[in-house]
file query_7.txt (compact mmCIF, C-alpha atoms and all ligand atoms)
# COMPACT_ATOMS: atom_id res chain seq x y z
CA MET G 1 87.22 83.58 126.50
CA ARG G 2 84.22 84.61 124.46
CA VAL G 3 84.45 86.94 121.47
CA ALA G 4 81.55 88.67 119.71
CA ILE G 5 81.49 90.34 116.30
CA VAL G 6 78.83 92.99 115.75
CA GLY G 7 78.53 93.56 111.99
CA ALA G 8 79.66 90.03 111.16
CA THR G 9 78.05 90.02 107.71
CA GLY G 10 79.88 93.14 106.47
CA ALA G 11 83.20 93.61 104.67
CA VAL G 12 85.12 94.17 107.92
CA GLY G 13 83.13 91.47 109.74
CA HIS G 14 84.16 88.94 107.10
CA GLU G 15 87.83 89.82 107.60
CA LEU G 16 87.46 89.73 111.39
CA MET G 17 86.38 86.11 111.14
CA GLN G 18 89.38 85.22 108.95
CA VAL G 19 91.85 86.98 111.25
CA LEU G 20 90.33 85.52 114.41
CA GLU G 21 90.63 82.07 112.95
CA SER G 22 94.33 82.54 112.23
CA ARG G 23 95.38 84.38 115.42
CA LEU G 24 93.48 84.84 118.64
CA LYS G 25 93.10 82.06 121.23
CA PHE G 26 89.50 81.96 122.46
CA ASP G 27 86.70 79.51 123.14
CA GLU G 28 83.50 80.77 121.66
CA LEU G 29 82.35 83.21 118.97
CA LEU G 30 79.04 85.09 118.83
CA LEU G 31 77.94 86.75 115.59
CA TYR G 32 75.59 89.71 115.32
CA ALA G 33 74.27 91.90 112.49
CA SER G 34 71.08 93.78 111.59
CA PRO G 35 67.66 92.12 111.75
CA ARG G 36 67.79 91.46 107.99
CA SER G 37 70.67 88.98 108.48
CA ALA G 38 69.28 87.29 111.58
CA GLY G 39 69.25 83.52 111.16
CA SER G 40 71.79 83.45 108.35
CA ARG G 41 74.70 81.06 108.84
CA LEU G 42 78.42 81.80 108.57
CA THR G 43 81.23 79.26 108.74
CA PHE G 44 83.95 79.64 111.34
CA GLY G 45 86.59 77.01 112.08
CA GLY G 46 84.65 74.42 110.10
CA GLN G 47 81.46 75.06 112.09
CA GLU G 48 78.31 76.87 111.01
CA LEU G 49 77.33 79.70 113.36
CA THR G 50 74.00 81.52 113.32
CA VAL G 51 73.94 85.29 113.02
CA GLN G 52 71.75 86.92 115.66
CA VAL G 53 70.12 90.33 115.92
CA THR G 54 72.46 92.81 117.61
CA PRO G 55 71.42 93.15 121.27
CA GLU G 56 70.32 96.48 122.71
CA GLY G 57 71.66 95.39 126.09
CA PRO G 58 74.73 93.65 127.53
CA ILE G 59 76.66 91.22 125.33
CA ASP G 60 77.94 88.10 127.04
CA ALA G 61 81.49 88.30 125.69
CA ASP G 62 84.92 89.36 126.94
CA VAL G 63 85.82 91.09 123.68
CA ILE G 64 83.23 92.70 121.41
CA LEU G 65 84.59 93.58 117.98
CA ALA G 66 82.21 96.18 116.57
CA SER G 67 81.95 96.95 112.85
CA ALA G 68 78.32 97.89 112.31
CA GLY G 69 78.88 101.61 111.75
CA GLY G 70 79.14 104.68 113.94
CA SER G 71 75.46 105.18 114.70
CA VAL G 72 75.05 101.60 115.98
CA SER G 73 78.19 101.86 118.14
CA LYS G 74 77.27 105.28 119.46
CA ALA G 75 73.80 104.11 120.47
CA LEU G 76 74.69 100.71 121.90
CA ALA G 77 78.38 100.25 122.81
CA HIS G 78 77.91 101.44 126.39
CA ARG G 79 75.06 98.96 126.81
CA TRP G 80 77.06 96.05 125.37
CA ILE G 81 79.82 96.49 127.96
CA GLU G 82 77.43 96.38 130.91
CA GLY G 83 78.32 92.67 130.90
CA GLY G 84 81.95 93.56 131.72
CA GLY G 85 83.42 93.04 128.25
CA VAL G 86 85.49 95.49 126.24
CA VAL G 87 84.38 96.92 122.90
CA ILE G 88 87.01 97.40 120.20
CA ASP G 89 85.18 99.68 117.82
CA ASN G 90 85.98 100.04 114.12
CA SER G 91 83.78 103.07 113.59
CA SER G 92 84.69 106.70 114.14
CA ALA G 93 82.07 107.08 116.93
CA PHE G 94 84.53 107.35 119.86
CA ARG G 95 87.90 108.11 118.25
CA TYR G 96 88.06 111.74 119.35
CA ASP G 97 86.78 111.13 122.87
CA ALA G 98 89.66 111.93 125.25
CA GLN G 99 88.61 109.01 127.51
CA VAL G 100 88.83 106.50 124.65
CA PRO G 101 92.23 105.21 123.53
CA LEU G 102 92.85 105.16 119.76
CA VAL G 103 95.26 102.33 119.20
CA VAL G 104 97.64 100.89 116.63
CA PRO G 105 99.51 98.25 118.63
CA GLU G 106 102.84 98.72 116.83
CA VAL G 107 102.74 102.43 117.70
CA ASN G 108 100.89 102.98 121.00
CA GLY G 109 99.72 99.57 122.25
CA GLU G 110 100.12 100.56 125.90
CA ALA G 111 97.38 103.21 125.44
CA ALA G 112 94.88 100.31 125.23
CA LEU G 113 95.56 99.48 128.88
CA SER G 114 93.92 102.71 130.07
CA HIS G 115 90.56 101.90 128.49
CA ARG G 116 87.24 102.30 130.31
CA GLY G 117 85.43 99.63 128.33
CA ILE G 118 85.78 101.07 124.83
CA ILE G 119 88.86 101.17 122.60
CA ALA G 120 88.73 102.84 119.19
CA ASN G 121 90.28 101.34 116.09
CA PRO G 122 91.58 104.07 113.77
CA ASN G 123 90.55 105.22 110.35
CA CYS G 124 92.03 102.79 107.84
CA THR G 125 94.08 105.34 105.89
CA THR G 126 95.61 106.65 109.09
CA ALA G 127 96.40 103.21 110.54
CA ILE G 128 98.31 102.25 107.40
CA ALA G 129 100.24 105.54 107.31
CA VAL G 130 101.31 105.54 110.96
CA VAL G 131 102.75 102.02 110.81
CA ALA G 132 105.40 103.49 108.46
CA VAL G 133 105.59 107.04 109.78
CA ALA G 134 105.73 106.45 113.56
CA PRO G 135 109.15 104.71 113.54
CA ILE G 136 110.51 107.54 111.38
CA HIS G 137 109.05 110.09 113.80
CA ARG G 138 110.63 108.36 116.79
CA GLU G 139 114.08 108.34 115.17
CA TYR G 140 114.17 111.50 113.07
CA GLY G 141 111.20 113.67 114.19
CA VAL G 142 108.54 114.35 111.58
CA LYS G 143 107.82 118.07 111.20
CA ARG G 144 105.46 117.96 108.22
CA MET G 145 103.65 115.13 106.50
CA ILE G 146 101.93 115.45 103.12
CA VAL G 147 99.76 112.51 102.09
CA SER G 148 97.96 111.69 98.82
CA THR G 149 95.81 108.57 98.95
CA TYR G 150 94.58 105.98 96.48
CA GLN G 151 91.69 104.29 98.31
CA ALA G 152 89.94 101.09 97.29
CA THR G 153 86.18 100.79 96.89
CA SER G 154 85.89 98.36 99.83
CA GLY G 155 86.64 101.37 102.03
CA ALA G 156 82.92 102.01 101.52
CA GLY G 157 82.07 98.47 102.58
CA GLN G 158 80.65 95.56 100.63
CA LYS G 159 78.33 97.88 98.72
CA GLY G 160 81.35 99.84 97.44
CA MET G 161 82.87 96.75 95.88
CA ASP G 162 79.49 95.72 94.47
CA GLU G 163 79.09 99.12 92.79
CA LEU G 164 82.55 98.92 91.20
CA LEU G 165 81.95 95.44 89.79
CA GLU G 166 78.39 96.03 88.62
CA GLN G 167 78.99 99.45 87.06
CA THR G 168 82.18 98.26 85.34
CA ARG G 169 80.13 95.47 83.77
CA VAL G 170 77.48 98.00 82.68
CA GLN G 171 80.09 100.26 81.12
CA LEU G 172 81.92 97.42 79.35
CA GLU G 173 78.62 96.31 77.84
CA GLY G 174 78.20 99.79 76.34
CA GLY G 175 75.85 101.23 78.99
CA GLN G 176 76.17 104.35 81.10
CA ALA G 177 77.62 103.68 84.57
CA THR G 178 75.57 105.12 87.41
CA HIS G 179 76.41 105.67 91.08
CA GLU G 180 74.83 105.43 94.50
CA VAL G 181 77.67 104.71 96.91
CA PHE G 182 80.24 107.06 95.39
CA ALA G 183 79.84 110.72 94.40
CA HIS G 184 80.37 109.88 90.70
CA PRO G 185 80.63 106.71 88.61
CA ILE G 186 83.72 104.85 89.82
CA PRO G 187 84.69 102.64 86.82
CA PHE G 188 87.66 104.08 84.90
CA ASN G 189 87.60 107.14 87.14
CA VAL G 190 89.29 108.58 90.23
CA ILE G 191 87.25 110.68 92.67
CA PRO G 192 88.94 113.19 95.02
CA HIS G 193 86.00 113.11 97.41
CA ILE G 194 85.75 110.66 100.34
CA ASP G 195 83.26 111.54 103.07
CA ALA G 196 81.82 115.04 103.55
CA PHE G 197 83.54 118.31 102.73
CA GLN G 198 84.38 120.41 105.78
CA ASP G 199 84.40 124.22 106.13
CA ASN G 200 88.18 124.33 105.47
CA GLY G 201 87.81 122.64 102.05
CA TYR G 202 89.24 119.31 103.23
CA THR G 203 87.02 116.22 103.43
CA LYS G 204 86.30 114.47 106.70
CA GLU G 205 88.41 111.50 105.55
CA GLU G 206 91.34 113.90 105.04
CA MET G 207 90.83 115.53 108.43
CA LYS G 208 90.68 112.11 110.10
CA VAL G 209 94.24 111.54 108.89
CA VAL G 210 95.26 114.79 110.62
CA TRP G 211 93.36 114.24 113.89
CA GLU G 212 94.12 110.56 114.24
CA THR G 213 97.81 110.77 113.33
CA HIS G 214 98.18 113.31 116.16
CA LYS G 215 96.31 111.16 118.68
CA ILE G 216 98.01 107.85 117.84
CA ILE G 217 101.56 109.20 117.58
CA GLY G 218 100.86 111.49 120.53
CA ASP G 219 102.28 114.62 118.94
CA SER G 220 99.92 117.27 117.62
CA SER G 221 102.80 119.50 116.52
CA ILE G 222 103.23 117.44 113.32
CA ARG G 223 101.78 119.44 110.42
CA VAL G 224 99.68 117.04 108.34
CA SER G 225 97.88 117.61 105.04
CA CYS G 226 96.02 114.91 103.12
CA THR G 227 94.22 114.58 99.78
CA ALA G 228 92.06 111.46 99.81
CA VAL G 229 91.10 109.90 96.48
CA ARG G 230 88.88 106.92 95.65
CA ILE G 231 90.17 104.67 92.86
CA PRO G 232 88.55 101.73 91.06
CA THR G 233 90.27 98.87 92.92
CA LEU G 234 88.60 96.34 95.23
CA ARG G 235 90.82 96.42 98.30
CA THR G 236 94.00 97.92 99.80
CA HIS G 237 94.67 101.61 100.21
CA SER G 238 97.90 103.16 98.90
CA GLU G 239 99.43 106.45 99.97
CA ALA G 240 102.21 108.69 98.68
CA ILE G 241 103.78 110.32 101.73
CA THR G 242 106.28 113.19 101.88
CA LEU G 243 107.99 113.87 105.21
CA GLU G 244 109.95 116.87 106.41
CA LEU G 245 112.23 115.75 109.23
CA GLU G 246 113.84 117.47 112.20
CA ARG G 247 117.03 115.45 111.76
CA PRO G 248 117.97 114.66 108.16
CA ALA G 249 117.82 111.03 107.04
CA THR G 250 119.07 109.24 103.97
CA PRO G 251 116.88 106.76 102.07
CA ALA G 252 119.29 104.00 103.18
CA GLN G 253 118.78 104.92 106.84
CA ILE G 254 114.98 104.93 106.42
CA ARG G 255 115.08 101.59 104.59
CA GLU G 256 117.16 100.07 107.38
CA LEU G 257 114.89 101.52 110.09
CA LEU G 258 111.68 100.31 108.44
CA ALA G 259 113.15 96.85 107.77
CA ARG G 260 113.28 96.32 111.54
CA SER G 261 109.94 98.01 112.32
CA ALA G 262 106.94 95.91 113.32
CA GLY G 263 104.14 95.65 110.80
CA VAL G 264 106.24 96.85 107.84
CA GLU G 265 107.50 94.98 104.79
CA VAL G 266 110.07 96.99 102.88
CA ARG G 267 109.45 96.36 99.19
CA ASP G 268 111.82 98.70 97.50
CA ASP G 269 113.78 97.62 94.45
CA PRO G 270 112.35 99.73 91.63
CA ALA G 271 114.89 98.43 89.10
CA ALA G 272 113.47 94.95 89.65
CA GLY G 273 109.88 96.25 89.52
CA LEU G 274 109.49 95.85 93.27
CA TYR G 275 107.39 98.49 95.03
CA PRO G 276 104.15 98.52 97.03
CA MET G 277 100.96 97.77 95.10
CA PRO G 278 97.42 96.65 96.00
CA LEU G 279 98.08 93.54 93.91
CA THR G 280 100.83 92.39 96.27
CA ALA G 281 99.66 93.98 99.53
CA SER G 282 96.09 92.61 99.48
CA GLY G 283 95.60 89.86 102.04
CA LYS G 284 98.90 90.71 103.76
CA TYR G 285 99.15 91.62 107.43
CA ASP G 286 102.18 93.88 106.94
CA VAL G 287 102.05 97.27 105.24
CA GLU G 288 104.27 97.40 102.17
CA VAL G 289 106.62 100.41 102.02
CA GLY G 290 108.80 101.34 99.06
CA ARG G 291 109.83 104.05 96.58
CA ILE G 292 111.89 105.41 99.49
CA ARG G 293 113.82 108.39 98.16
CA GLU G 294 115.22 111.77 99.07
CA SER G 295 112.67 114.56 98.94
CA LEU G 296 113.34 117.19 96.28
CA VAL G 297 111.33 119.69 98.33
CA PHE G 298 112.49 119.28 101.95
CA ASP G 299 116.25 119.09 102.61
CA GLY G 300 116.98 115.79 104.34
CA GLY G 301 113.30 114.85 103.92
CA ILE G 302 111.91 111.63 102.54
CA ASP G 303 109.31 110.51 100.00
CA LEU G 304 107.78 107.06 100.19
CA PHE G 305 104.84 105.00 98.99
CA VAL G 306 102.80 102.58 101.09
CA SER G 307 100.15 99.98 100.28
CA GLY G 308 98.22 98.38 103.14
CA ASP G 309 95.19 96.14 103.14
CA GLN G 310 92.71 98.49 104.78
CA LEU G 311 90.27 95.70 105.60
CA LEU G 312 93.11 94.07 107.56
CA LYS G 313 95.59 96.57 109.04
CA GLY G 314 93.05 99.38 108.64
CA ALA G 315 90.32 97.45 110.43
CA ALA G 316 90.05 93.73 111.27
CA LEU G 317 93.70 92.84 111.90
CA ASN G 318 94.34 95.94 114.01
CA ALA G 319 91.24 95.22 116.12
CA VAL G 320 92.31 91.62 116.74
CA GLN G 321 95.87 92.78 117.53
CA ILE G 322 94.40 95.06 120.22
CA ALA G 323 92.50 92.10 121.69
CA GLU G 324 95.71 90.02 121.61
CA TYR G 325 97.58 92.81 123.35
CA LEU G 326 94.99 92.98 126.15
CA GLN G 327 95.08 89.19 126.46
CA GLU G 328 98.91 89.08 126.61
CA LYS G 329 98.98 91.80 129.26
CA GLY G 330 96.30 90.01 131.31
CA ALA G 331 94.19 93.14 130.93
CA LEU G 332 90.85 91.48 130.19
CA LYS G 333 88.63 91.72 133.27
CA GLU G 334 87.21 88.76 135.18
CA ARG G 335 83.60 88.84 134.10
CA GLN G 336 80.25 87.67 135.44
CA ARG G 337 78.30 85.82 132.72
CA VAL G 338 75.21 87.86 131.78
N1 LIG G 401 85.61 99.06 104.96
C1 LIG G 401 86.71 99.55 105.48
O1 LIG G 401 87.78 99.62 104.84
C2 LIG G 401 86.73 100.04 106.88
C3 LIG G 401 85.56 100.17 107.61
N2 LIG G 401 85.61 100.65 108.87
C4 LIG G 401 84.40 100.82 109.65
O2 LIG G 401 83.84 99.56 110.00
C5 LIG G 401 82.42 99.65 110.03
C6 LIG G 401 81.83 98.59 109.10
O3 LIG G 401 82.30 98.79 107.80
P1 LIG G 401 82.10 97.73 106.63
O4 LIG G 401 82.26 96.35 107.13
O5 LIG G 401 82.96 98.22 105.55
O6 LIG G 401 80.53 97.96 106.25
P2 LIG G 401 79.51 96.98 105.54
O7 LIG G 401 78.46 97.88 105.01
O8 LIG G 401 80.18 96.05 104.61
O9 LIG G 401 78.90 96.10 106.77
C7 LIG G 401 78.11 96.68 107.78
C8 LIG G 401 77.77 95.65 108.85
O10 LIG G 401 77.02 96.29 109.87
C9 LIG G 401 75.78 95.60 110.04
N3 LIG G 401 74.73 96.55 110.39
C10 LIG G 401 74.25 97.57 109.64
N4 LIG G 401 73.25 98.20 110.30
C11 LIG G 401 73.12 97.57 111.49
C12 LIG G 401 72.26 97.75 112.61
N5 LIG G 401 71.35 98.71 112.65
N6 LIG G 401 72.39 96.90 113.65
C13 LIG G 401 73.31 95.92 113.64
N7 LIG G 401 74.15 95.70 112.61
C14 LIG G 401 74.06 96.52 111.55
C15 LIG G 401 75.51 94.97 108.70
O11 LIG G 401 74.59 93.92 108.86
P3 LIG G 401 73.60 93.45 107.64
O12 LIG G 401 74.46 92.63 106.73
O13 LIG G 401 72.60 92.67 108.38
O14 LIG G 401 73.09 94.68 107.02
C16 LIG G 401 76.91 94.50 108.33
O15 LIG G 401 77.21 93.33 109.05
C17 LIG G 401 82.08 101.10 109.66
O16 LIG G 401 81.94 101.84 110.85
C18 LIG G 401 83.28 101.56 108.89
O17 LIG G 401 83.44 102.95 108.96
C19 LIG G 401 86.80 100.97 109.45
C20 LIG G 401 87.97 100.84 108.80
C21 LIG G 401 88.01 100.37 107.44
N1 LIG G 402 86.52 106.05 105.03
C1 LIG G 402 87.30 104.92 104.64
C2 LIG G 402 86.82 103.66 105.34
C3 LIG G 402 86.23 103.87 106.68
O1 LIG G 402 85.27 103.22 107.01
O2 LIG G 402 86.78 104.81 107.44
P1 LIG G 402 86.26 105.20 108.91
O3 LIG G 402 86.38 103.96 109.75
O4 LIG G 402 87.15 106.29 109.36
O5 LIG G 402 84.82 105.66 108.77
C4 LIG G 402 87.20 104.73 103.14
O6 LIG G 402 86.13 105.05 102.64
O7 LIG G 402 88.11 104.25 102.54
call {"tool": "encode", "arguments": {"input": "query_7.txt", "output": "structure tokens", "more": "lines below"}}
Ligand SMILES: NC(=O)C1=CN([C@@H]2O[C@H](COP(=O)(O)OP(=O)(O)OC[C@H]3O[C@@H](n4cnc5c(N)ncnc54)[C@H](OP(=O)(O)O)[C@@H]3O)[C@@H](O)[C@H]2O)C=CC1
Ligand SMILES: N[C@@H](CC(=O)OP(=O)(O)O)C(=O)O
result
Amino acid sequence: MRVAIVGATGAVGHELMQVLESRLKFDELLLYASPRSAGSRLTFGGQELTVQVTPEGPIDADVILASAGGSVSKALAHRWIEGGGVVIDNSSAFRYDAQVPLVVPEVNGEAALSHRGIIANPNCTTAIAVVAVAPIHREYGVKRMIVSTYQATSGAGQKGMDELLEQTRVQLEGGQATHEVFAHPIPFNVIPHIDAFQDNGYTKEEMKVVWETHKIIGDSSIRVSCTAVRIPTLRTHSEAITLELERPATPAQIRELLARSAGVEVRDDPAAGLYPMPLTASGKYDVEVGRIRESLVFDGGIDLFVSGDQLLKGAALNAVQIAEYLQEKGALKERQRV
């Protein structure tokens, strides 16, 4: 099996290489990025591989993991799969296309089997939330879901992390922090503005949580509201989530349910200082869930806090898990080499 990464030099591309190395069984890896990275060398499995310019035609790979942004995927993904491969796309280009499955394997893996060459990987904030919320929905029925996020700068890619580090240095040396990637200076600040504002006053990032939760869980009757906030950390998104349930649940029942749910690590012993944090969740495959408690607003409802590495579960890991799922189910097509 051949695997290709488009966007190999980016923040998600870097993580894709790490995850591939630790998980998927395959024979050969092709790396692509923009013309400015062509010829650069990246190490994979102890070998140096050369980054090539992203093709505008078929890619000779069974699985094409795309993380070069929505405009690149939109323009080229259909061409890449002319070689018979499947694109697993990290961008938002195809997520709302009814013909394209939007997949978190722990929640709706089987949806991947109905693909027509393109499978969408969800928004990172949504992927992390649904790993914890979907099992609760299956058992107790989620009626309403209120989410407040604490999103790391790497959500805006490598340049987001660079801006945090550089502008923090500027500010600590007595200068005035500036901003290009974020709407305001990010050091020592929090910014309730991720992606563009929509007509309803929510941002696009917030609306993605609504749209994508509905599509992945397969239930658009869940009322979802999100406030998405950028914070000055490097990686891992955290979310405070309040759930109103159809059938009341106790915190103990939720703790027990999540302890046996795939992709979740229950980290919930506040007295011992144990709860989800970017510090402990970064680099982890599982989403940490804790601060599980009875809601003071919704009778029988639940409050919880999650931290999930968005470069992993929100992007690279989830994409590789989809590829693994297709491989396990024998759902990768026999392909002519192009
Ligand atoms: N960061 C995150 O937390 C998440 C990101 N995503 C999505 O993944 C995608 C990539 O994000 P991220 O890795 O953070 O971004 P980065 O900016 O860190 O990396 C972008 C990558 O795309 C490549 N690229 C840019 N323009 C082109 C082009 N015209 N042709 C070919 N390759 C190109 C870059 O190559 P070069 O180095 O040569 O410029 C680089 O490899 C985006 O769609 C993003 O929305 C999804 C979930 C989470
Ligand atoms: N928007 C997210 C990261 C991201 O790239 O999301 P999406 O794949 O939905 O564009 C963030 O900034 O934290």
call {"tool": "residues_around", "arguments": {"input": "query_7.txt", "residues": "region 119-132 of chain G", "least_positions_apart": "4", "cutoff": "7 Å", "atoms": "all atoms listed in the file", "output": "PDB file with C-alpha atoms, in the coordinates of the input"}}
result
ATOM      1  CA  VAL G  87      84.380  96.920 122.900  1.00  0.00           C
ATOM      2  CA  ILE G  88      87.010  97.400 120.200  1.00  0.00           C
ATOM      3  CA  ASP G  89      85.180  99.680 117.820  1.00  0.00           C
ATOM      4  CA  ASN G  90      85.980 100.040 114.120  1.00  0.00           C
ATOM      5  CA  PHE G  94      84.530 107.350 119.860  1.00  0.00           C
ATOM      6  CA  ARG G  95      87.900 108.110 118.250  1.00  0.00           C
ATOM      7  CA  VAL G 100      88.830 106.500 124.650  1.00  0.00           C
ATOM      8  CA  PRO G 101      92.230 105.210 123.530  1.00  0.00           C
ATOM      9  CA  LEU G 102      92.850 105.160 119.760  1.00  0.00           C
ATOM     10  CA  VAL G 103      95.260 102.330 119.200  1.00  0.00           C
ATOM     11  CA  VAL G 104      97.640 100.890 116.630  1.00  0.00           C
ATOM     12  CA  GLU G 106     102.840  98.720 116.830  1.00  0.00           C
ATOM     13  CA  VAL G 107     102.740 102.430 117.700  1.00  0.00           C
ATOM     14  CA  ALA G 112      94.880 100.310 125.230  1.00  0.00           C
ATOM     15  CA  HIS G 115      90.560 101.900 128.490  1.00  0.00           C
ATOM     16  CA  LYS G 208      90.680 112.110 110.100  1.00  0.00           C
ATOM     17  CA  VAL G 209      94.240 111.540 108.890  1.00  0.00           C
ATOM     18  CA  GLU G 212      94.120 110.560 114.240  1.00  0.00           C
ATOM     19  CA  THR G 213      97.810 110.770 113.330  1.00  0.00           C
ATOM     20  CA  HIS G 237      94.670 101.610 100.210  1.00  0.00           C
ATOM     21  CA  GLY G 263     104.140  95.650 110.800  1.00  0.00           C
ATOM     22  CA  VAL G 264     106.240  96.850 107.840  1.00  0.00           C
ATOM     23  CA  VAL G 287     102.050  97.270 105.240  1.00  0.00           C
ATOM     24  CA  GLY G 308      98.220  98.380 103.140  1.00  0.00           C
ATOM     25  CA  GLN G 310      92.710  98.490 104.780  1.00  0.00           C
ATOM     26  CA  LYS G 313      95.590  96.570 109.040  1.00  0.00           C
ATOM     27  CA  GLY G 314      93.050  99.380 108.640  1.00  0.00           C
ATOM     28  CA  ALA G 315      90.320  97.450 110.430  1.00  0.00           C
ATOM     29  CA  ALA G 319      91.240  95.220 116.120  1.00  0.00           C
TER      30      ALA G 319
END
call {"tool": "atom_distance", "arguments": {"input": "query_7.txt", "atom1": "CA of Arg223 (chain G)", "atom2": "CA of Gly300 (chain G)"}}
result
16.8 Å
call {"tool": "axis_aligned_box", "arguments": {"input": "query_7.txt", "around": "region 69-85 of chain G", "padding_each_side": "3 Å", "output": "AutoDock Vina command-line options"}}
result
--center_x 78.6 --center_y 99.0 --center_z 121.7 --size_x 15.6 --size_y 18.6 --size_z 26.0
call {"tool": "atom_distance", "arguments": {"input": "query_7.txt", "atom1": "CA of Ile194 (chain G)", "atom2": "CA of Arg293 (chain G)"}}
result
28.2 Å
call {"tool": "residues_near_ligand", "arguments": {"input": "query_7.txt", "ligand": "ligand LIG 401 (chain G)", "cutoff": "7 Å", "atoms": "only C-alpha atoms and all ligand atoms", "output": "ChimeraX atom specification"}}
result
/G:6-13,32-37,53-54,67-70,72,90-92,122-124,154-159,310-311,314-315
call {"tool": "residues_near_point", "arguments": {"input": "query_7.txt", "point": "(117.1, 119.8, 109.5)", "cutoff": "12 Å", "atoms": "all atoms listed in the file", "output": "list in words"}}
result
Tyr140, Gly141, Val142, Lys143, Arg144, Leu243, Glu244, Leu245, Glu246, Arg247, Pro248, Ala249, Phe298, Asp299, Gly300, Gly301 and Ile302 of chain G
call {"tool": "atom_distance", "arguments": {"input": "query_7.txt", "atom1": "CA of Leu257 (chain G)", "atom2": "CA of Val320 (chain G)"}}
result
25.5 Å
call {"tool": "closest_residue", "arguments": {"input": "query_7.txt", "among": "G:Lys333, G:Pro192, G:Phe305, G:Leu317", "to": "Ser22 (chain G)", "atoms": "all atoms listed in the file"}}
result
G:Leu317
call {"tool": "closest_residue", "arguments": {"input": "query_7.txt", "among": "G:Tyr285, G:Tyr150, G:Tyr202, G:Trp80", "to": "ligand LIG 402 (chain G)", "atoms": "only C-alpha atoms and all ligand atoms"}}
result
G:Tyr150
call {"tool": "build_atoms", "arguments": {"input": "query_7.txt", "residues": "region 258-272 of chain G", "atoms": "N, CA and C atoms", "output": "mmCIF file, keeping the file's coordinate frame"}}
result
data_model
loop_
_atom_site.group_PDB
_atom_site.id
_atom_site.type_symbol
_atom_site.label_atom_id
_atom_site.label_comp_id
_atom_site.auth_asym_id
_atom_site.auth_seq_id
_atom_site.Cartn_x
_atom_site.Cartn_y
_atom_site.Cartn_z
ATOM 1 N N LEU G 258 112.990 100.931 108.690
ATOM 2 C CA LEU G 258 111.680 100.310 108.440
ATOM 3 C C LEU G 258 111.790 98.790 108.339
ATOM 4 N N ALA G 259 112.964 98.309 107.882
ATOM 5 C CA ALA G 259 113.150 96.850 107.770
ATOM 6 C C ALA G 259 113.065 96.165 109.126
ATOM 7 N N ARG G 260 113.366 96.936 110.213
ATOM 8 C CA ARG G 260 113.280 96.320 111.540
ATOM 9 C C ARG G 260 112.077 96.861 112.332
ATOM 10 N N SER G 261 111.130 97.477 111.633
ATOM 11 C CA SER G 261 109.940 98.010 112.320
ATOM 12 C C SER G 261 108.780 97.030 112.204
ATOM 13 N N ALA G 262 108.059 96.862 113.301
ATOM 14 C CA ALA G 262 106.940 95.910 113.320
ATOM 15 C C ALA G 262 105.840 96.335 112.363
ATOM 16 N N GLY G 263 105.293 95.385 111.664
ATOM 17 C CA GLY G 263 104.140 95.650 110.800
ATOM 18 C C GLY G 263 104.486 96.175 109.420
ATOM 19 N N VAL G 264 105.798 96.281 109.125
ATOM 20 C CA VAL G 264 106.240 96.850 107.840
ATOM 21 C C VAL G 264 106.957 95.789 107.024
ATOM 22 N N GLU G 265 106.673 95.754 105.728
ATOM 23 C CA GLU G 265 107.500 94.980 104.790
ATOM 24 C C GLU G 265 108.107 95.972 103.807
ATOM 25 N N VAL G 266 109.429 96.094 103.835
ATOM 26 C CA VAL G 266 110.070 96.990 102.880
ATOM 27 C C VAL G 266 110.102 96.274 101.524
ATOM 28 N N ARG G 267 109.531 96.918 100.547
ATOM 29 C CA ARG G 267 109.450 96.360 99.190
ATOM 30 C C ARG G 267 109.937 97.470 98.275
ATOM 31 N N ASP G 268 111.225 97.496 98.068
ATOM 32 C CA ASP G 268 111.820 98.700 97.500
ATOM 33 C C ASP G 268 113.019 98.374 96.611
ATOM 34 N N ASP G 269 112.731 97.860 95.438
ATOM 35 C CA ASP G 269 113.780 97.620 94.450
ATOM 36 C C ASP G 269 113.198 97.975 93.090
ATOM 37 N N PRO G 270 113.053 99.300 92.846
ATOM 38 C CA PRO G 270 112.350 99.730 91.630
ATOM 39 C C PRO G 270 112.938 99.132 90.360
ATOM 40 N N ALA G 271 114.275 98.959 90.328
ATOM 41 C CA ALA G 271 114.890 98.430 89.100
ATOM 42 C C ALA G 271 114.363 97.024 88.796
ATOM 43 N N ALA G 272 114.000 96.301 89.844
ATOM 44 C CA ALA G 272 113.470 94.950 89.650
ATOM 45 C C ALA G 272 111.930 94.955 89.615
#
